[in-house]
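Student: Got a file for you: data.txt, compact mmCIF, C-alpha atoms.
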# COMPACT_ATOMS: atom_id res chain seq x y z
CA MET A 231 0.00 0.00 0.00
CA ASP A 232 2.91 2.33 0.75
CA VAL A 233 4.10 1.87 -2.82
CA LEU A 234 0.69 2.89 -4.17
CA TRP A 235 0.55 5.92 -1.88
CA GLU A 236 3.92 7.16 -3.08
CA ALA A 237 3.30 6.65 -6.76
CA PRO A 238 1.87 9.60 -8.70
CA ASP A 239 0.29 7.33 -11.34
CA PRO A 240 -1.53 4.00 -11.28
CA LEU A 241 0.90 1.07 -11.15
CA SER A 242 0.77 -2.37 -12.68
CA VAL A 243 1.41 -5.46 -10.59
CA ARG A 244 4.86 -5.75 -12.12
CA GLU A 245 5.71 -2.14 -11.25
CA VAL A 246 4.62 -2.66 -7.64
CA SER A 247 6.70 -5.86 -7.45
CA SER A 248 9.77 -4.11 -8.77
CA GLN A 249 9.51 -1.45 -6.06
CA LEU A 250 9.29 -4.04 -3.32
CA THR A 251 12.92 -5.01 -3.87
CA ASP A 252 13.64 -5.38 -0.18
CA ARG A 253 11.19 -8.24 0.00
CA ASP A 254 11.36 -11.21 -2.28
CA LEU A 255 7.72 -11.60 -3.20
CA ALA A 256 6.24 -13.74 -5.93
CA HIS A 257 4.35 -11.95 -8.68
CA THR A 258 1.18 -13.83 -7.76
CA THR A 259 1.52 -12.82 -4.11
CA VAL A 260 1.64 -9.15 -5.03
CA MET A 261 -1.29 -9.67 -7.38
CA THR A 262 -3.34 -11.32 -4.62
CA VAL A 263 -2.58 -8.54 -2.16
CA LEU A 264 -3.50 -5.83 -4.66
CA ASP A 265 -6.68 -7.68 -5.58
CA ARG A 266 -7.64 -7.88 -1.91
CA LEU A 267 -6.92 -4.17 -1.40
CA ALA A 268 -9.15 -3.41 -4.38
CA LYS A 269 -11.97 -5.58 -3.01
CA LYS A 270 -11.82 -3.79 0.32
CA GLY A 271 -11.98 -0.44 -1.41
CA PHE A 272 -8.52 0.75 -0.44
CA ALA A 273 -7.26 0.57 -4.02
CA ARG A 274 -8.96 1.38 -7.35
CA ARG A 275 -8.03 -0.57 -10.41
CA GLU A 276 -8.46 0.18 -14.05
CA ARG A 277 -7.67 -1.82 -17.16
CA ASN A 278 -4.80 -0.48 -19.14
CA GLY A 279 -4.26 -2.67 -22.18
CA ARG A 280 -4.03 -6.24 -20.91
CA ALA A 281 -2.91 -5.50 -17.34
CA TRP A 282 -4.76 -4.04 -14.35
CA HIS A 283 -3.31 -0.82 -12.98
CA TYR A 284 -3.81 0.01 -9.33
CA ARG A 285 -3.85 3.27 -7.44
CA ALA A 286 -4.72 4.18 -3.86
CA ALA A 287 -8.38 5.11 -3.46
CA GLU A 288 -7.57 7.76 -0.87
CA SER A 289 -4.38 9.37 0.35
CA ARG A 290 -2.64 7.97 3.38
CA GLU A 291 -3.55 11.14 5.29
CA ALA A 292 -7.24 10.63 4.54
CA TYR A 293 -7.16 7.16 6.09
CA VAL A 294 -5.20 8.35 9.13
CA THR A 295 -7.77 11.10 9.58
CA GLU A 296 -10.63 8.59 9.36
CA LEU A 297 -8.93 6.35 11.90
CA MET A 298 -8.30 9.19 14.31
CA LEU A 299 -11.73 10.74 13.88
CA SER A 300 -13.45 7.51 14.81
CA ALA A 301 -11.03 7.10 17.70
CA LEU A 302 -11.61 10.61 19.02
CA ASP A 303 -15.32 10.68 18.33
CA GLN A 304 -17.07 10.62 21.66
CA THR A 305 -20.50 9.64 20.54
CA GLY A 306 -22.35 6.37 20.69
CA ASP A 307 -21.27 3.37 18.71
CA ARG A 308 -17.70 4.22 17.96
CA GLN A 309 -17.03 4.99 21.56
CA ALA A 310 -18.33 1.58 22.50
CA ALA A 311 -16.43 -0.14 19.71
CA LEU A 312 -13.16 1.28 20.98
CA ALA A 313 -12.57 1.71 24.66
CA LYS A 314 -10.83 5.05 25.00
CA PHE A 315 -8.26 5.83 27.64
CA ALA A 316 -9.41 9.34 28.50
CA ARG A 317 -12.20 11.42 27.12
CA SER A 318 -11.49 15.07 26.66
CA VAL A 319 -11.17 17.38 29.57
CA SER A 320 -11.09 21.16 29.22
CA GLY A 321 -7.61 22.67 29.09
CA THR A 322 -8.10 24.91 32.10
CA GLU A 323 -9.50 22.13 34.23
CA ALA A 324 -6.63 19.81 33.33
CA GLN A 325 -4.09 22.55 34.05
CA ALA A 326 -5.61 23.18 37.45
CA LEU A 327 -5.56 19.49 38.36
CA LEU A 328 -2.01 19.04 37.02
CA ARG A 329 -0.90 21.99 39.16
CA ALA A 330 -2.61 20.38 42.16
CA LEU A 331 -0.75 17.14 41.34
CA GLY A 332 2.52 19.05 41.18
CA THR A 333 2.11 20.63 44.61
CA LEU A 334 0.94 17.28 46.00
CA GLY A 335 4.08 15.59 44.66
CA GLU A 336 6.31 18.27 46.18
CA ALA A 337 4.53 17.98 49.49
CA HIS A 338 5.20 14.22 49.43
CA ARG A 339 8.85 14.73 48.70
CA GLY A 340 9.23 17.59 51.20
CA MET B 397 -54.75 -8.88 37.02
CA SER B 398 -53.01 -11.53 39.11
CA ALA B 399 -50.60 -10.93 41.98
CA ALA B 400 -47.68 -12.02 39.81
CA ASP B 401 -48.64 -9.47 37.16
CA PHE B 402 -48.91 -6.76 39.75
CA ILE B 403 -45.43 -7.52 41.12
CA LEU B 404 -43.93 -7.71 37.62
CA ALA B 405 -45.45 -4.37 36.66
CA ALA B 406 -44.24 -2.81 39.91
CA VAL B 407 -40.70 -4.12 39.31
CA ALA B 408 -40.67 -2.88 35.70
CA ILE B 409 -41.85 0.59 36.69
CA GLY B 410 -39.72 0.69 39.85
CA CYS B 411 -36.52 -0.10 37.96
CA ILE B 412 -36.58 3.30 36.26
CA PRO B 413 -36.46 5.58 39.34
CA ALA B 414 -34.06 3.06 40.90
CA ALA B 415 -31.73 3.49 37.90
CA SER B 416 -31.94 7.30 38.21
CA ALA B 417 -31.05 7.05 41.89
CA LEU B 418 -28.13 4.73 41.12
CA ALA B 419 -26.84 7.10 38.44
CA ALA B 420 -26.89 9.96 40.94
CA ALA B 421 -25.46 7.99 43.88
CA SER B 422 -21.86 8.51 44.99
CA TRP B 423 -21.22 5.08 46.55
CA PRO B 424 -20.68 3.28 43.19
CA ARG B 425 -17.25 4.85 42.75
CA ARG B 426 -16.23 3.28 46.06
CA SER B 427 -16.88 -0.17 44.64
CA PRO B 428 -17.24 -0.10 40.84
CA VAL B 429 -17.57 -3.87 40.48
CA ALA B 430 -20.54 -4.18 42.84
CA ALA B 431 -22.18 -1.15 41.22
CA ILE B 432 -21.71 -2.57 37.71
CA LEU B 433 -23.35 -5.82 38.85
CA LEU B 434 -26.28 -3.84 40.22
CA TRP B 435 -26.62 -1.95 36.92
CA GLN B 436 -26.68 -5.22 35.00
CA ALA B 437 -29.24 -6.67 37.38
CA LEU B 438 -31.43 -3.57 37.03
CA GLY B 439 -31.33 -3.75 33.24
CA LEU B 440 -32.08 -7.46 33.08
CA SER B 441 -34.79 -7.17 35.74
CA TRP B 442 -36.49 -4.34 33.86
CA GLY B 443 -36.52 -6.31 30.62
CA LEU B 444 -37.86 -9.50 32.21
CA ALA B 445 -40.45 -7.68 34.29
CA ALA B 446 -41.72 -5.42 31.50
CA VAL B 447 -42.12 -8.27 29.01
CA GLY B 448 -43.52 -10.55 31.73
CA ALA B 449 -46.05 -8.01 32.99
CA LEU B 450 -47.44 -7.30 29.52
CA ILE B 451 -47.71 -10.93 28.47
CA GLY B 452 -48.76 -12.02 31.94
CA PHE B 453 -51.68 -9.60 31.99
CA ALA B 454 -52.91 -11.15 28.78
CA VAL B 455 -52.64 -14.78 29.81
CA THR B 456 -52.43 -15.41 33.56
CA SER B 457 -56.18 -15.44 34.13
CA ASN B 458 -56.09 -19.21 33.74
CA GLY B 459 -53.81 -19.45 36.79
CA ALA B 460 -50.78 -20.77 34.93
CA ALA B 461 -47.31 -19.29 35.16
CA VAL B 462 -46.62 -16.51 32.67
CA GLY B 463 -44.14 -18.60 30.69
CA THR B 464 -46.24 -21.73 30.26
CA GLY B 465 -49.48 -19.73 30.18
CA THR B 466 -48.28 -17.81 27.14
CA LEU B 467 -47.44 -20.99 25.30
CA GLU B 468 -50.90 -22.43 26.02
CA ARG B 469 -52.65 -19.24 25.02
CA LEU B 470 -50.66 -18.86 21.84
CA THR B 471 -51.32 -22.46 20.88
CA SER B 472 -55.01 -22.03 21.46
CA LEU B 473 -55.01 -18.77 19.47
CA VAL B 474 -53.39 -20.52 16.56
CA THR B 475 -55.49 -23.67 16.71
CA ALA B 476 -58.89 -22.03 17.30
CA ASN B 477 -59.71 -18.62 15.91
CA HIS B 478 -62.75 -18.13 18.13
CA GLN B 479 -60.39 -17.80 21.13
CA VAL B 480 -59.52 -14.29 19.92
CA ALA B 481 -62.91 -13.09 21.00
CA ALA B 482 -62.57 -14.80 24.37
CA ILE B 483 -59.23 -13.15 25.22
CA GLY B 484 -60.58 -9.60 24.81
CA LEU B 485 -59.08 -6.67 22.93
CA THR B 486 -57.12 -5.13 25.85
CA ARG B 487 -55.46 -8.43 26.65
CA LEU B 488 -54.70 -9.03 23.00
CA VAL B 489 -53.03 -5.61 22.72
CA CYS B 490 -50.98 -6.34 25.85
CA LEU B 491 -49.96 -9.72 24.49
CA ALA B 492 -48.87 -8.15 21.22
CA ALA B 493 -47.02 -5.36 23.06
CA GLY B 494 -45.21 -7.86 25.28
CA ILE B 495 -44.10 -10.02 22.37
CA LEU B 496 -43.11 -6.91 20.42
CA LEU B 497 -41.06 -5.58 23.34
CA LEU B 498 -39.27 -8.92 23.69
CA ALA B 499 -38.50 -8.94 19.97
CA VAL B 500 -37.29 -5.33 20.05
CA LEU B 501 -35.01 -5.98 23.03
CA CYS B 502 -33.45 -8.99 21.29
CA TRP B 503 -33.16 -7.13 18.00
CA ILE B 504 -31.45 -4.02 19.43
CA LEU B 505 -28.83 -6.23 21.07
CA VAL B 506 -28.11 -7.94 17.75
CA ALA B 507 -28.07 -4.61 15.88
CA ALA B 508 -25.75 -2.93 18.39
CA THR B 509 -23.39 -5.91 18.28
CA ALA B 510 -23.33 -5.85 14.49
CA SER B 511 -22.66 -2.11 14.36
CA VAL B 512 -19.86 -2.32 16.93
CA LEU B 513 -18.27 -5.27 15.10
CA ARG B 514 -18.45 -3.34 11.81
CA ALA B 515 -16.73 -0.30 13.32
CA ARG B 516 -14.02 -2.52 14.79
CA GLN B 517 -13.50 -4.37 11.53
CA ARG B 518 -12.97 -1.06 9.70
CA GLN B 519 -10.50 -0.01 12.39
CA ARG B 520 -8.61 -3.29 11.99
CA GLU B 521 -8.40 -2.87 8.22
CA LEU B 522 -7.15 0.71 8.52
CA LEU B 523 -4.69 -0.24 11.25
CA SER B 524 -3.26 -3.08 9.15
CA LEU B 525 -2.39 -0.49 6.49
CA LEU B 526 -1.33 2.43 8.67
CA ALA B 527 -0.08 1.33 12.08
CA HIS B 528 3.38 0.20 13.09
CA ASP B 529 5.10 -1.05 16.24
CA ASP B 530 7.19 1.15 18.49
CA PRO B 531 9.71 0.06 21.14
CA LYS B 532 8.33 2.74 23.49
CA VAL B 533 4.99 0.93 23.71
CA PRO B 534 5.62 -2.82 23.37
CA GLY B 535 2.55 -4.75 22.22
CA ALA B 536 0.69 -1.66 21.03
CA LEU B 537 0.12 -0.26 17.54
CA VAL B 538 1.20 3.28 16.79
CA VAL B 539 -0.56 5.60 14.34
CA ASP B 540 1.34 8.64 13.11
CA HIS B 541 -0.94 11.52 13.99
CA PRO B 542 -0.23 14.50 16.23
CA ALA B 543 -3.58 14.35 18.07
CA ALA B 544 -3.62 12.43 21.33
CA ALA B 545 -5.58 9.20 21.24
CA ALA B 546 -5.14 6.00 23.19
CA TYR B 547 -7.70 3.24 22.93
CA CYS B 548 -8.16 -0.45 22.58
CA LEU B 549 -9.93 -2.66 20.09
CA PRO B 550 -11.54 -5.49 22.04
CA GLY B 551 -12.20 -8.81 20.38
CA LEU B 552 -10.59 -12.16 19.73
CA ARG B 553 -7.49 -10.38 18.43
CA PRO B 554 -7.32 -7.45 20.84
CA GLU B 555 -5.18 -4.43 19.98
CA ILE B 556 -4.09 -1.35 21.84
CA VAL B 557 -3.68 1.73 19.67
CA ILE B 558 -1.58 4.75 20.62
CA SER B 559 -1.19 7.88 18.48
CA ALA B 560 2.16 9.52 17.93
CA GLY B 561 0.68 12.52 19.76
CA VAL B 562 0.42 10.46 22.94
CA LEU B 563 3.99 9.15 22.55
CA ASP B 564 5.23 12.76 22.45
CA LEU B 565 3.01 13.81 25.33
CA LEU B 566 3.75 11.15 27.94
CA ASP B 567 6.89 9.83 29.58
CA ALA B 568 7.72 6.13 29.88
CA ASP B 569 5.98 5.61 33.25
CA GLU B 570 2.82 7.32 32.04
CA LEU B 571 2.80 5.20 28.88
CA ALA B 572 3.10 2.07 31.03
CA ALA B 573 0.06 3.24 33.00
CA VAL B 574 -1.93 3.79 29.79
CA LEU B 575 -1.02 0.32 28.50
CA ALA B 576 -1.91 -1.33 31.82
CA HIS B 577 -5.29 0.46 31.82
CA GLU B 578 -6.12 -0.66 28.28
CA ARG B 579 -4.94 -4.21 28.96
CA ALA B 580 -7.33 -4.36 31.92
CA HIS B 581 -10.21 -3.40 29.57
CA LEU B 582 -9.21 -6.07 27.08
CA ARG B 583 -8.52 -8.84 29.59
CA GLU B 584 -11.86 -8.43 31.36
CA ARG B 585 -13.86 -7.76 28.17
CA HIS B 586 -15.40 -4.55 29.49
CA ASP B 587 -16.83 -3.95 26.03
CA LEU B 588 -19.24 -6.86 26.54
CA VAL B 589 -20.50 -5.29 29.77
CA LEU B 590 -21.17 -2.01 28.00
CA LEU B 591 -22.82 -3.52 24.93
CA PRO B 592 -26.36 -4.07 26.34
CA PHE B 593 -26.38 -0.52 27.68
CA LEU B 594 -25.32 0.77 24.28
CA ALA B 595 -28.18 -1.22 22.73
CA LEU B 596 -30.68 0.39 25.12
CA LEU B 597 -29.22 3.84 24.43
CA ARG B 598 -29.47 3.38 20.66
CA ALA B 599 -33.04 2.13 20.83
CA PHE B 600 -34.44 4.43 23.52
CA SER B 601 -32.25 7.52 23.16
CA TRP B 602 -35.32 9.69 23.85
CA ALA B 603 -35.35 8.36 27.41
CA ALA B 604 -32.76 10.27 29.44
CA ILE B 605 -32.24 7.29 31.72
CA THR B 606 -30.61 5.24 28.95
CA THR B 607 -27.96 7.95 28.51
CA GLN B 608 -27.44 8.16 32.26
CA ALA B 609 -27.09 4.38 32.55
CA TYR B 610 -24.66 4.15 29.63
CA ARG B 611 -22.49 6.95 30.97
CA ALA B 612 -22.55 5.64 34.52
CA VAL B 613 -21.57 2.10 33.52
CA GLY B 614 -18.88 3.43 31.17
CA LEU B 615 -17.38 5.57 33.92
CA LEU B 616 -17.51 2.70 36.44
CA LEU B 617 -15.68 0.45 33.95
CA GLU B 618 -12.99 3.13 33.54
CA MET B 619 -12.65 3.42 37.31
CA HIS B 620 -12.41 -0.34 37.62
CA ALA B 621 -9.66 -0.45 34.98
CA ASP B 622 -7.89 2.37 36.88
CA ASP B 623 -8.07 0.23 40.03
CA ARG B 624 -6.46 -2.64 38.16
CA VAL B 625 -3.55 -0.36 37.14
CA LEU B 626 -3.00 0.62 40.76
CA ARG B 627 -2.18 -2.99 41.61
CA GLN B 628 1.03 -2.67 39.60
CA LEU B 629 1.79 1.03 39.22
CA PRO B 630 1.58 4.21 41.30
CA ALA B 631 -1.54 6.38 40.99
CA ARG B 632 0.37 9.52 40.12
CA GLU B 633 1.54 8.44 36.64
CA LEU B 634 -1.95 7.28 35.72
CA ALA B 635 -3.45 10.55 36.93
CA THR B 636 -1.02 12.75 34.99
CA ALA B 637 -1.42 10.53 31.90
CA LEU B 638 -5.19 10.91 32.13
CA LEU B 639 -4.96 14.67 32.39
CA ARG B 640 -2.43 15.11 29.61
CA VAL B 641 -4.30 12.85 27.18
CA GLY B 642 -7.66 14.28 28.25
CA ALA B 643 -6.53 17.88 27.78
CA ALA B 644 -4.99 17.15 24.37
CA GLY B 645 -7.82 14.88 23.25
CA GLY B 646 -9.61 17.62 21.35
CA GLY B 647 -6.79 18.28 18.90
CA GLY B 648 -7.74 17.92 15.27
CA VAL B 649 -11.39 17.05 15.82
CA PRO B 650 -14.16 19.16 14.30
CA ALA B 651 -15.93 21.20 16.96
CA GLY B 652 -19.22 19.43 16.31
CA ALA B 653 -17.84 16.02 17.22
CA LEU B 654 -16.77 17.19 20.65
CA ALA B 655 -19.72 19.40 21.41
CA VAL B 656 -22.00 16.38 21.62
CA ALA B 657 -20.31 15.20 24.76
CA GLY B 658 -19.25 18.49 26.27
CA ALA B 659 -19.60 19.20 29.95
CA PRO B 660 -20.50 15.81 31.44
CA THR B 661 -17.40 14.05 30.10
CA GLU B 662 -15.14 16.81 31.36
CA CYS B 663 -16.21 15.89 34.84
CA GLU B 664 -15.51 12.23 34.13
CA VAL B 665 -11.76 12.60 33.69
CA ALA B 666 -11.66 14.94 36.68
CA ALA B 667 -13.68 12.46 38.75
CA ARG B 668 -11.26 9.66 37.87
CA VAL B 669 -8.23 11.80 38.71
CA ILE B 670 -9.66 12.90 42.04
CA ARG B 671 -10.53 9.30 42.82
CA LEU B 672 -6.93 8.25 42.05
CA LEU B 673 -5.42 10.92 44.24
CA ARG B 674 -7.82 10.62 47.16
CA PRO B 675 -9.12 7.05 46.97
CA PRO B 676 -12.46 6.75 48.75
CA PRO B 677 -12.77 3.86 51.21
CA GLY B 678 -14.17 0.72 49.57
CA LEU B 679 -17.61 -0.52 50.59
CA ASN B 680 -17.51 -2.63 53.74
CA GLY B 681 -18.51 -6.29 53.74
CA VAL B 682 -22.10 -5.76 54.84
CA ALA B 683 -22.77 -3.10 52.22
CA THR B 684 -21.21 -5.25 49.48
CA ILE B 685 -23.32 -8.27 50.46
CA LEU B 686 -26.39 -6.02 50.50
CA VAL B 687 -25.68 -4.80 46.96
CA LEU B 688 -25.13 -8.36 45.75
CA ALA B 689 -28.31 -9.57 47.45
CA VAL B 690 -30.37 -6.77 45.90
CA SER B 691 -28.86 -7.57 42.48
CA ALA B 692 -29.67 -11.27 42.82
CA THR B 693 -33.24 -10.54 43.98
CA LEU B 694 -33.80 -8.15 41.09
CA VAL B 695 -33.07 -10.90 38.58
CA VAL B 696 -34.48 -13.92 40.42
CA LEU B 697 -37.82 -12.34 41.34
CA PRO B 698 -39.13 -11.59 37.83
CA ALA B 699 -37.55 -14.78 36.47
CA ALA B 700 -39.27 -16.85 39.15
CA LEU B 701 -42.63 -15.16 38.49
CA LEU B 702 -42.30 -16.04 34.82
CA VAL B 703 -41.68 -19.70 35.54
CA LEU B 704 -43.65 -20.53 38.67
CA PRO B 705 -47.45 -20.41 38.76
CA LEU B 706 -48.82 -17.89 41.27
CA HIS B 707 -52.46 -17.54 42.07
With the file now loaded, output its structure as structure tokens.
Tutor:
Amino acid sequence: MDVLWEAPDPLSVREVSSQLTDRDLAHTTVMTVLDRLAKKGFARRERNGRAWHYRAAESREAYVTELMLSALDQTGDRQAALAKFARSVSGTEAQALLRALGTLGEAHRG
Amino acid sequence: MSAADFILAAVAIGCIPAASALAAASWPRRSPVAAILLWQALGLSWGLAAVGALIGFAVTSNGAAVGTGTLERLTSLVTANHQVAAIGLTRLVCLAAGILLLAVLCWILVAATASVLRARQRQRELLSLLAHDDPKVPGALVVDHPAAAAYCLPGLRPEIVISAGVLDLLDADELAAVLAHERAHLRERHDLVLLPFLALLRAFSWAAITTQAYRAVGLLLEMHADDRVLRQLPARELATALLRVGAAGGGGVPAGALAVAGAPTECEVAARVIRLLRPPPGLNGVATILVLAVSATLVVLPAALLVLPLH
């Protein structure tokens, strides 16, 4: 997927394979992975002559944003799907409590 | 109306003010586990009693238990059409309402489960493309984004997800506290506890009590996970981690998304921090047994009335 994100134009399976030089992957393996990405909607493919050409459906940033939005969303379903560590607290309130923690820590040490 | 019906109706109606009182009470944060049990008992009791009272009113005139009585009545309705006249319109409406309520309660649980599983599946797909490991947070996935988010994906293949924003924000001890908190959620499957309350909230969002119940149980689960962290780590790191992540949590989110859960959630992080710094005394033995006994009665009473005949 990283290869697709970095490429300005749609790539054929062979072109993707050639960019994955660090990993020795069979042509069919790359083809399967790209096909699966296309089925899940992460990649779009178009016929160019006899070969399929693949490109990323959305930019990497768009997917990161989607991931983070659903993680930070504090409403209903998503919140239940993902158990969040801390929901938001207002800046001033947090500052006040952090200050209180600071003085408490000093008192313990002193 | 039989005595059993009367009791079932009283339990179903009584559960609602009882839930309001529980949401407003301060003792639950002294013993989150007992309080969560009581919440579950209240929810289950309400469902059993409400369905039982409606169906029971329609069928218990023949002196049978609600459960078996319904079966008999339904069989006779199906086998002989003239029985419809005998049962009377009011009873027929109650019977229909009871069966409908039972179906709705089952359906909303299935629908909420499906929707939660879908959201998690999408998260897993996105994470498999975007996330990477980081030595600072062993066992967790890291997403490169400056906003602060730390959460877990419960399920058969549980994951803890930490944003790069959180890695920058917290020191090593605080990160350990975050991981321990999320692991407690995953280990004890807190998501399954919350699921029925989410289902009620989705289906009856017009009723304020469903929001109160969902929030209360969610907060109690957080507090319980905090307690688990305290078995291994000092409270201070968890408290500062909570405040730093909580204060930064709004970064990069459209105003509308946060506005939905404005003021009440602000208090939640503060309540957890205060509880960490000045831990309230746990409930004593007698009070705990009392809570457990009330919970057990709440479930057993309507269940027994559904099964046993009562004249």
Student: In Å, how far is it from atom CA of Ser511 of chain B to atom CA of Leu616 of chain B?
Tutor: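 Distance between the two atoms: 23.2 Å.
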Student: Report the closest atom pair, with its distance in Å rounded to one decimal, for each residue of chain B that has an atom no farther than 8 Å from chain A; count all atoms listed in the file, sort by chain and then rising residue number, and write it as JSON lines.
Tutor:
{"residue": "B:Ala508", "atom": "CA", "partner": "A:Asp307", "partner_atom": "CA", "distance": 7.7}
{"residue": "B:Ser511", "atom": "CA", "partner": "A:Asp307", "partner_atom": "CA", "distance": 7.1}
{"residue": "B:Val512", "atom": "CA", "partner": "A:Ala311", "partner_atom": "CA", "distance": 4.9}
{"residue": "B:Leu513", "atom": "CA", "partner": "A:Ala311", "partner_atom": "CA", "distance": 7.1}
{"residue": "B:Ala515", "atom": "CA", "partner": "A:Ala311", "partner_atom": "CA", "distance": 6.4}
{"residue": "B:Arg516", "atom": "CA", "partner": "A:Ala311", "partner_atom": "CA", "distance": 6.0}
{"residue": "B:Gln519", "atom": "CA", "partner": "A:Leu297", "partner_atom": "CA", "distance": 6.6}
{"residue": "B:Leu522", "atom": "CA", "partner": "A:Leu297", "partner_atom": "CA", "distance": 6.8}
{"residue": "B:Leu523", "atom": "CA", "partner": "A:Leu297", "partner_atom": "CA", "distance": 7.9}
{"residue": "B:Leu525", "atom": "CA", "partner": "A:Met231", "partner_atom": "CA", "distance": 6.9}
{"residue": "B:Leu526", "atom": "CA", "partner": "A:Val294", "partner_atom": "CA", "distance": 7.1}
{"residue": "B:Val539", "atom": "CA", "partner": "A:Val294", "partner_atom": "CA", "distance": 7.5}
{"residue": "B:Asp540", "atom": "CA", "partner": "A:Val294", "partner_atom": "CA", "distance": 7.7}
{"residue": "B:His541", "atom": "CA", "partner": "A:Val294", "partner_atom": "CA", "distance": 7.2}
{"residue": "B:Ala543", "atom": "CA", "partner": "A:Met298", "partner_atom": "CA", "distance": 7.9}
{"residue": "B:Ala545", "atom": "CA", "partner": "A:Leu302", "partner_atom": "CA", "distance": 6.6}
{"residue": "B:Ala546", "atom": "CA", "partner": "A:Phe315", "partner_atom": "CA", "distance": 5.4}
{"residue": "B:Tyr547", "atom": "CA", "partner": "A:Lys314", "partner_atom": "CA", "distance": 4.2}
{"residue": "B:Cys548", "atom": "CA", "partner": "A:Ala313", "partner_atom": "CA", "distance": 5.3}
{"residue": "B:Leu549", "atom": "CA", "partner": "A:Leu312", "partner_atom": "CA", "distance": 5.2}
{"residue": "B:Pro550", "atom": "CA", "partner": "A:Leu312", "partner_atom": "CA", "distance": 7.0}
{"residue": "B:Val574", "atom": "CA", "partner": "A:Phe315", "partner_atom": "CA", "distance": 7.0}
{"residue": "B:His577", "atom": "CA", "partner": "A:Phe315", "partner_atom": "CA", "distance": 7.4}
{"residue": "B:Glu578", "atom": "CA", "partner": "A:Phe315", "partner_atom": "CA", "distance": 6.9}
{"residue": "B:His581", "atom": "CA", "partner": "A:Ala313", "partner_atom": "CA", "distance": 7.5}
{"residue": "B:Asp587", "atom": "CA", "partner": "A:Ala310", "partner_atom": "CA", "distance": 6.7}
{"residue": "B:Leu590", "atom": "CA", "partner": "A:Ala310", "partner_atom": "CA", "distance": 7.2}
{"residue": "B:Leu591", "atom": "CA", "partner": "A:Ala310", "partner_atom": "CA", "distance": 7.2}
{"residue": "B:Leu594", "atom": "CA", "partner": "A:Ala310", "partner_atom": "CA", "distance": 7.3}
{"residue": "B:Arg598", "atom": "CA", "partner": "A:Gly306", "partner_atom": "CA", "distance": 7.7}
{"residue": "B:Arg632", "atom": "CA", "partner": "A:Leu331", "partner_atom": "CA", "distance": 7.8}
{"residue": "B:Thr636", "atom": "CA", "partner": "A:Leu328", "partner_atom": "CA", "distance": 6.7}
{"residue": "B:Leu638", "atom": "CA", "partner": "A:Ala316", "partner_atom": "CA", "distance": 5.8}
{"residue": "B:Leu639", "atom": "CA", "partner": "A:Ala324", "partner_atom": "CA", "distance": 5.5}
{"residue": "B:Arg640", "atom": "CA", "partner": "A:Ala324", "partner_atom": "CA", "distance": 7.3}
{"residue": "B:Val641", "atom": "CA", "partner": "A:Ala316", "partner_atom": "CA", "distance": 6.3}
{"residue": "B:Gly642", "atom": "CA", "partner": "A:Ser318", "partner_atom": "CA", "distance": 4.2}
{"residue": "B:Ala643", "atom": "CA", "partner": "A:Val319", "partner_atom": "CA", "distance": 5.0}
{"residue": "B:Ala644", "atom": "CA", "partner": "A:Ser318", "partner_atom": "CA", "distance": 7.2}
{"residue": "B:Gly645", "atom": "CA", "partner": "A:Ser318", "partner_atom": "CA", "distance": 5.0}
{"residue": "B:Gly646", "atom": "CA", "partner": "A:Ser318", "partner_atom": "CA", "distance": 6.2}
{"residue": "B:Val649", "atom": "CA", "partner": "A:Leu299", "partner_atom": "CA", "distance": 6.6}
{"residue": "B:Ala653", "atom": "CA", "partner": "A:Asp303", "partner_atom": "CA", "distance": 6.0}
{"residue": "B:Leu654", "atom": "CA", "partner": "A:Gln304", "partner_atom": "CA", "distance": 6.7}
{"residue": "B:Val656", "atom": "CA", "partner": "A:Thr305", "partner_atom": "CA", "distance": 7.0}
{"residue": "B:Ala657", "atom": "CA", "partner": "A:Gln304", "partner_atom": "CA", "distance": 6.4}
{"residue": "B:Thr661", "atom": "CA", "partner": "A:Arg317", "partner_atom": "CA", "distance": 6.5}
{"residue": "B:Glu662", "atom": "CA", "partner": "A:Val319", "partner_atom": "CA", "distance": 4.4}
{"residue": "B:Cys663", "atom": "CA", "partner": "A:Val319", "partner_atom": "CA", "distance": 7.4}
{"residue": "B:Glu664", "atom": "CA", "partner": "A:Arg317", "partner_atom": "CA", "distance": 7.8}
{"residue": "B:Val665", "atom": "CA", "partner": "A:Val319", "partner_atom": "CA", "distance": 6.3}
{"residue": "B:Ala666", "atom": "CA", "partner": "A:Val319", "partner_atom": "CA", "distance": 7.5}
Student: For the atom pair atom CA of Val407 of chain B and atom CA of Ser427 of chain B, what is the interatomic distance in Å to one decimal place?
Tutor: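 Between atom CA of Val407 of chain B and atom CA of Ser427 of chain B the gap is 24.7 Å.
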Student: I'd like the contact shell of Leu434 of chain B - 9 Å cut-off, all atoms listed in the file, skipping same-chain residues fewer than 4 positions apart - returned as a ChimeraX atom specification.
Tutor: /B:418,429-430,438-439,687-688,690-692,694
Student: Please list as a PyMOL selection string every residue within 12 Å of Ile432 of chain B, counting only C-alpha atoms and excluding residues in the same chain fewer than 6 positions away.
Tutor: chain B and resi 415+418-419+423-426+438-439+586+589-590+593+609-620+687-688+691
Student: So that I can check the surroundings of Leu450 of chain B, please list as an MDAnalysis selection string every protein, DNA and RNA residue that reaches within 12 Å of it, counting only C-alpha atoms and ignoring chain neighbours fewer than 3 positions away.
Tutor: chainID B and resid 397:398 400:406 408 443:447 453:456 462:463 466 486:498 702
Student: As an exercise, work out the distance from atom CA of Arg280 of chain A to atom CA of Thr262 of chain A in Å and give it to one decimal place.
Tutor: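 Between atom CA of Arg280 of chain A and atom CA of Thr262 of chain A the gap works out to 17.1 Å.
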